[in-house]
Amino acid sequence: MEYIPVSLPEMMEHREKRSKRTAELLSEYKSTVICMSMNFIGEYKVLKHSRLIFNIFCHKVLEAANIVFFEKKHSHCGDYAHFVSNGSPEYVKSKMRQIEESTEVGRLFDIDVFYEIENGMPIQVRRDEPRKCLLCDKSAVECARNRTHGIEAVREETTNIMRRYIASLISECAYNALISEVETTPKPGLVDKNNNGAHTDMNIRSFYASSLAIKPYYYEMAMQTFKGIDESMSTKALMQSLQVIGHTAEKAMFEATKGVNTQIGEIYTIGLLSCGAILALEKLTGFDTISQYAQQLALSIKTDNSPSFGARYEAENAFPNIMNAYKRIEALCNEFSFNEACVIALIETMLTVDDTNILRRGGDDGLNFMRQRAKQILDLKSISEILKATYEFDMQMIESNLSPGGCADILAASIFMLYIKQMLFAYEPENQI
Ligand SMILES: [Zn+2]
């Protein structure tokens, strides 16, 4: 899609159309009407990523305020959406204020709440105080009137606000995926809600602490990727700068766990996929290209001795097991609860992956034992049988001191893929702009 400049007459016509629709809905529903739009200074009213963020905010409004009617319009003059709510104007206004104020990017939105028509004009609930300028402490109206800041400066800050929001969503998805992975129960040999698996030096609280400690570094990596794009960095240079952030994340993890390695694999794998997601969003190439961008990053620093399994193998081969597991979880969710879907996907992964942790602790015998049990479990007919057998399998793995940490990493990364698909790639590429 092209970014098309908007002329003043076009803009006036656009506003009039929006206002007319608001009036129509007020007279039709005789209820509270919300009109949401994004407010950009300058001749471009749709910017990169603005449409994606607009769509995400439509969801926020839909979930917030007893909505009985919703429609959205994508236009180069500015996207806008109308909602009709059963709630009182004051209630709806307070909810909309929460949405606007809950994140920095809310500042780019105008969410107006209307309650009646007077002389053909929709009347809205007043704002408490005027909006602040993006660049200074004065009111936005004042700075716009006086042209205090150049359009370029405002546009740059607008872009940065949107980028920070996207990076924060990615780190949120990463954190949630790490938590979902450790909370998936039962997991054979691994730390879960039931027990510490075949581990004596960590428990579920170690994972909570470590997930929280590394969360900010996913944000850093995402922001670094935006910077890499701006500065036309080579893939290798970008990857090297990401490694620096990765090492800091490892340090933070060890500090949080008092020296125990809980999630080094996930710093690497989910970090790469986070950056792949930013590249896919920037280049509008869609969800399916994330793994390829992440693979290119991994390959850019490839050494001669390529492993035949493990996290680097996975990355250098475009994450075959992770992509497979994410698709499985997505499909299994149609039939089972999220936890059950994750348990099954994990057992399936254990059947096929050469888990480095298992090989280290149990050698080929360990791997064969794990595969044999995984196969038996997957042959069972009902989910209650599967869960019961998996619980017994967990006890056997603990007894044999076996923990499939590599499979757990694959599970976490595949949950991450599912989360970012739902959060950031649920729209057609032209709506991701
Ligand atoms: Zn200002």
# chains A, B, ... in the order shown; residues from 1 in each chain; ligands from 1
$ residues_near_ligand --ligand "ligand 1" --cutoff "6 Å" --atoms "only C-alpha atoms and all ligand atoms" --output "PyMOL selection string"
chain A and resi 133+135-136+138+143
$ write_last_selection --atoms "C-alpha atoms" --output "PDB file, in the first residue's frame"
ATOM      1  CA  CYS A 133       1.885  17.926  22.913  1.00  0.00           C
ATOM      2  CA  LEU A 135       7.202  16.803  22.268  1.00  0.00           C
ATOM      3  CA  CYS A 136       6.766  19.271  25.120  1.00  0.00           C
ATOM      4  CA  LYS A 138       2.299  22.521  26.428  1.00  0.00           C
ATOM      5  CA  CYS A 143       1.875  23.790  19.741  1.00  0.00           C
TER       6      CYS A 143
END
$ select_by_dssp --residues "region 29-145 of chain A" --states "strand (DSSP E or B)" --output "PyMOL selection string"
chain A and resi 32-38+67-73+80-85+109-118+121-124+132+139
$ residues_around --residues "Ile4 (chain A)" --least-positions-apart "5" --cutoff "9 Å" --atoms "only C-alpha atoms" --output "PyMOL selection string"
chain A and resi 43-46+76-77
$ select_by_dssp --residues "region 313-416 of chain A" --states "helix (DSSP H, G or I)" --output "number ranges by chain"
A: 313-316, 320-332, 338-352, 356-378, 383-399, 405-416
$ residues_around --residues "Thr148 (chain A)" --least-positions-apart "2" --cutoff "12 Å" --atoms "only C-alpha atoms" --output "JSON, numbers by chain"
{"A": [133, 134, 135, 136, 137, 138, 139, 140, 141, 142, 143, 144, 145, 146, 150, 151, 152, 153, 154]}
$ write_last_selection --atoms "N, CA and C atoms" --output "mmCIF file, in the first residue's frame"
data_model
loop_
_atom_site.group_PDB
_atom_site.id
_atom_site.type_symbol
_atom_site.label_atom_id
_atom_site.label_comp_id
_atom_site.auth_asym_id
_atom_site.auth_seq_id
_atom_site.Cartn_x
_atom_site.Cartn_y
_atom_site.Cartn_z
ATOM 1 N N CYS A 133 1.068 18.062 24.117
ATOM 2 C CA CYS A 133 1.885 17.926 22.913
ATOM 3 C C CYS A 133 2.783 16.683 23.049
ATOM 4 N N LEU A 134 3.113 16.050 21.915
ATOM 5 C CA LEU A 134 3.965 14.854 21.982
ATOM 6 C C LEU A 134 5.397 15.211 22.373
ATOM 7 N N LEU A 135 5.789 16.455 22.101
ATOM 8 C CA LEU A 135 7.202 16.803 22.268
ATOM 9 C C LEU A 135 7.513 17.730 23.440
ATOM 10 N N CYS A 136 6.489 18.402 23.974
ATOM 11 C CA CYS A 136 6.766 19.271 25.120
ATOM 12 C C CYS A 136 5.581 19.252 26.078
ATOM 13 N N ASP A 137 5.635 20.070 27.099
ATOM 14 C CA ASP A 137 4.598 20.018 28.139
ATOM 15 C C ASP A 137 3.381 20.883 27.843
ATOM 16 N N LYS A 138 3.439 21.645 26.756
ATOM 17 C CA LYS A 138 2.299 22.521 26.428
ATOM 18 C C LYS A 138 1.159 21.690 25.829
ATOM 19 N N SER A 139 0.005 22.365 25.626
ATOM 20 C CA SER A 139 -1.114 21.623 25.047
ATOM 21 C C SER A 139 -0.857 21.393 23.555
ATOM 22 N N ALA A 140 -1.398 20.274 23.071
ATOM 23 C CA ALA A 140 -1.159 19.898 21.674
ATOM 24 C C ALA A 140 -1.716 20.964 20.734
ATOM 25 N N VAL A 141 -2.875 21.506 21.094
ATOM 26 C CA VAL A 141 -3.520 22.518 20.247
ATOM 27 C C VAL A 141 -2.632 23.755 20.126
ATOM 28 N N GLU A 142 -2.074 24.159 21.267
ATOM 29 C CA GLU A 142 -1.231 25.360 21.281
ATOM 30 C C GLU A 142 0.002 25.176 20.379
ATOM 31 N N CYS A 143 0.672 24.025 20.547
ATOM 32 C CA CYS A 143 1.875 23.790 19.741
ATOM 33 C C CYS A 143 1.553 23.675 18.260
ATOM 34 N N ALA A 144 0.374 23.081 17.966
ATOM 35 C CA ALA A 144 -0.016 22.938 16.561
ATOM 36 C C ALA A 144 -0.295 24.319 15.970
ATOM 37 N N ARG A 145 -1.013 25.172 16.753
ATOM 38 C CA ARG A 145 -1.381 26.512 16.276
ATOM 39 C C ARG A 145 -0.124 27.345 16.024
ATOM 40 N N ASN A 146 0.807 27.277 16.953
ATOM 41 C CA ASN A 146 2.024 28.092 16.837
ATOM 42 C C ASN A 146 3.103 27.433 15.985
ATOM 43 N N GLY A 150 8.691 21.338 14.149
ATOM 44 C CA GLY A 150 8.540 21.005 12.737
ATOM 45 C C GLY A 150 7.747 19.713 12.579
ATOM 46 N N ILE A 151 7.097 19.570 11.426
ATOM 47 C CA ILE A 151 6.311 18.359 11.165
ATOM 48 C C ILE A 151 7.180 17.119 11.250
ATOM 49 N N GLU A 152 8.420 17.243 10.762
ATOM 50 C CA GLU A 152 9.329 16.091 10.787
ATOM 51 C C GLU A 152 9.573 15.587 12.205
ATOM 52 N N ALA A 153 9.782 16.536 13.124
ATOM 53 C CA ALA A 153 10.061 16.163 14.515
ATOM 54 C C ALA A 153 8.850 15.454 15.131
ATOM 55 N N VAL A 154 7.671 15.976 14.840
ATOM 56 C CA VAL A 154 6.457 15.355 15.398
ATOM 57 C C VAL A 154 6.258 13.973 14.788
#
$ residues_around --residues "Ile415 (chain A)" --least-positions-apart "3" --cutoff "7 Å" --atoms "only C-alpha atoms" --output "PyMOL selection string"
chain A and resi 177+326+411-412+418-419
$ write_last_selection --atoms "C-alpha atoms" --output "PDB file, in the first residue's frame"
ATOM      1  CA  ALA A 177       4.911 -17.535  26.436  1.00  0.00           C
ATOM      2  CA  TYR A 326       3.035 -23.964  16.983  1.00  0.00           C
ATOM      3  CA  LEU A 411       7.328 -25.468  23.420  1.00  0.00           C
ATOM      4  CA  ALA A 412       7.969 -21.941  24.772  1.00  0.00           C
ATOM      5  CA  LEU A 418       1.017 -18.419  18.498  1.00  0.00           C
ATOM      6  CA  TYR A 419       0.769 -15.351  20.742  1.00  0.00           C
TER       7      TYR A 419
END
$ residues_around --residues "region 12-26 of chain A" --least-positions-apart "5" --cutoff "7 Å" --atoms "only C-alpha atoms" --output "list in words"
Ser31, Val33, Cys77, Glu116, Ile117, Met121 and Pro122 of chain A
$ closest_residue --among "A:Asp288, A:Glu335, A:Glu348, A:Glu316" --to "Phe425 (chain A)" --atoms "only C-alpha atoms"
A:Asp288
$ closest_residue --among "A:Asn324, A:Thr184, A:Ser88, A:Thr158" --to "Asn339 (chain A)" --atoms "only C-alpha atoms"
A:Thr184
$ closest_residue --among "A:Glu266, A:Glu330, A:Asp355, A:Glu183" --to "Lys421 (chain A)" --atoms "only C-alpha atoms"
A:Glu330
$ residues_around --residues "Lys388 (chain A)" --least-positions-apart "5" --cutoff "12 Å" --atoms "only C-alpha atoms" --output "list in words"
Thr185, Pro186, Lys187, Pro188, Glu340, Val343, Ile377, Leu380, Lys381, Ser382, Ile383, Phe393, Asp394 and Met395 of chain A
$ write_last_selection --atoms "N, CA and C atoms" --output "short mmCIF file (atom, residue, chain, number, x, y, z; two decimals), in the first residue's frame"
data_model
loop_
_atom_site.label_atom_id
_atom_site.label_comp_id
_atom_site.auth_asym_id
_atom_site.auth_seq_id
_atom_site.Cartn_x
_atom_site.Cartn_y
_atom_site.Cartn_z
N THR A 185 1.18 -28.23 32.49
CA THR A 185 1.29 -29.32 33.47
C THR A 185 0.37 -30.47 33.08
N PRO A 186 0.80 -31.72 33.16
CA PRO A 186 2.13 -32.19 33.55
C PRO A 186 3.13 -32.19 32.38
N LYS A 187 4.39 -31.98 32.72
CA LYS A 187 5.47 -32.05 31.72
C LYS A 187 6.51 -33.05 32.24
N PRO A 188 6.77 -34.11 31.48
CA PRO A 188 7.70 -35.15 31.93
C PRO A 188 9.11 -34.63 32.20
N GLU A 340 -3.94 -28.62 27.70
CA GLU A 340 -3.91 -29.97 27.10
C GLU A 340 -3.22 -29.95 25.74
N VAL A 343 0.45 -29.80 26.30
CA VAL A 343 0.98 -31.09 26.77
C VAL A 343 1.16 -32.04 25.59
N ILE A 377 2.15 -42.94 24.69
CA ILE A 377 1.17 -41.95 25.17
C ILE A 377 0.34 -41.40 24.02
N LEU A 380 -2.69 -43.34 22.89
CA LEU A 380 -3.87 -43.44 23.75
C LEU A 380 -5.05 -42.70 23.13
N LYS A 381 -6.26 -43.16 23.52
CA LYS A 381 -7.45 -42.64 22.83
C LYS A 381 -7.97 -41.33 23.42
N SER A 382 -8.06 -41.25 24.75
CA SER A 382 -8.74 -40.08 25.33
C SER A 382 -7.75 -39.16 26.03
N ILE A 383 -8.15 -37.93 26.19
CA ILE A 383 -7.27 -36.93 26.81
C ILE A 383 -7.05 -37.27 28.29
N PHE A 393 4.62 -40.84 33.36
CA PHE A 393 5.85 -40.62 32.57
C PHE A 393 6.75 -39.61 33.31
N ASP A 394 6.13 -38.58 33.85
CA ASP A 394 6.84 -37.55 34.62
C ASP A 394 7.61 -38.22 35.77
N MET A 395 6.92 -39.13 36.49
CA MET A 395 7.56 -39.81 37.63
C MET A 395 8.76 -40.65 37.16
#
$ closest_residue --among "A:Met11, A:Cys407, A:Ile99, A:Leu279" --to "Lys60 (chain A)" --atoms "only C-alpha atoms"
A:Ile99
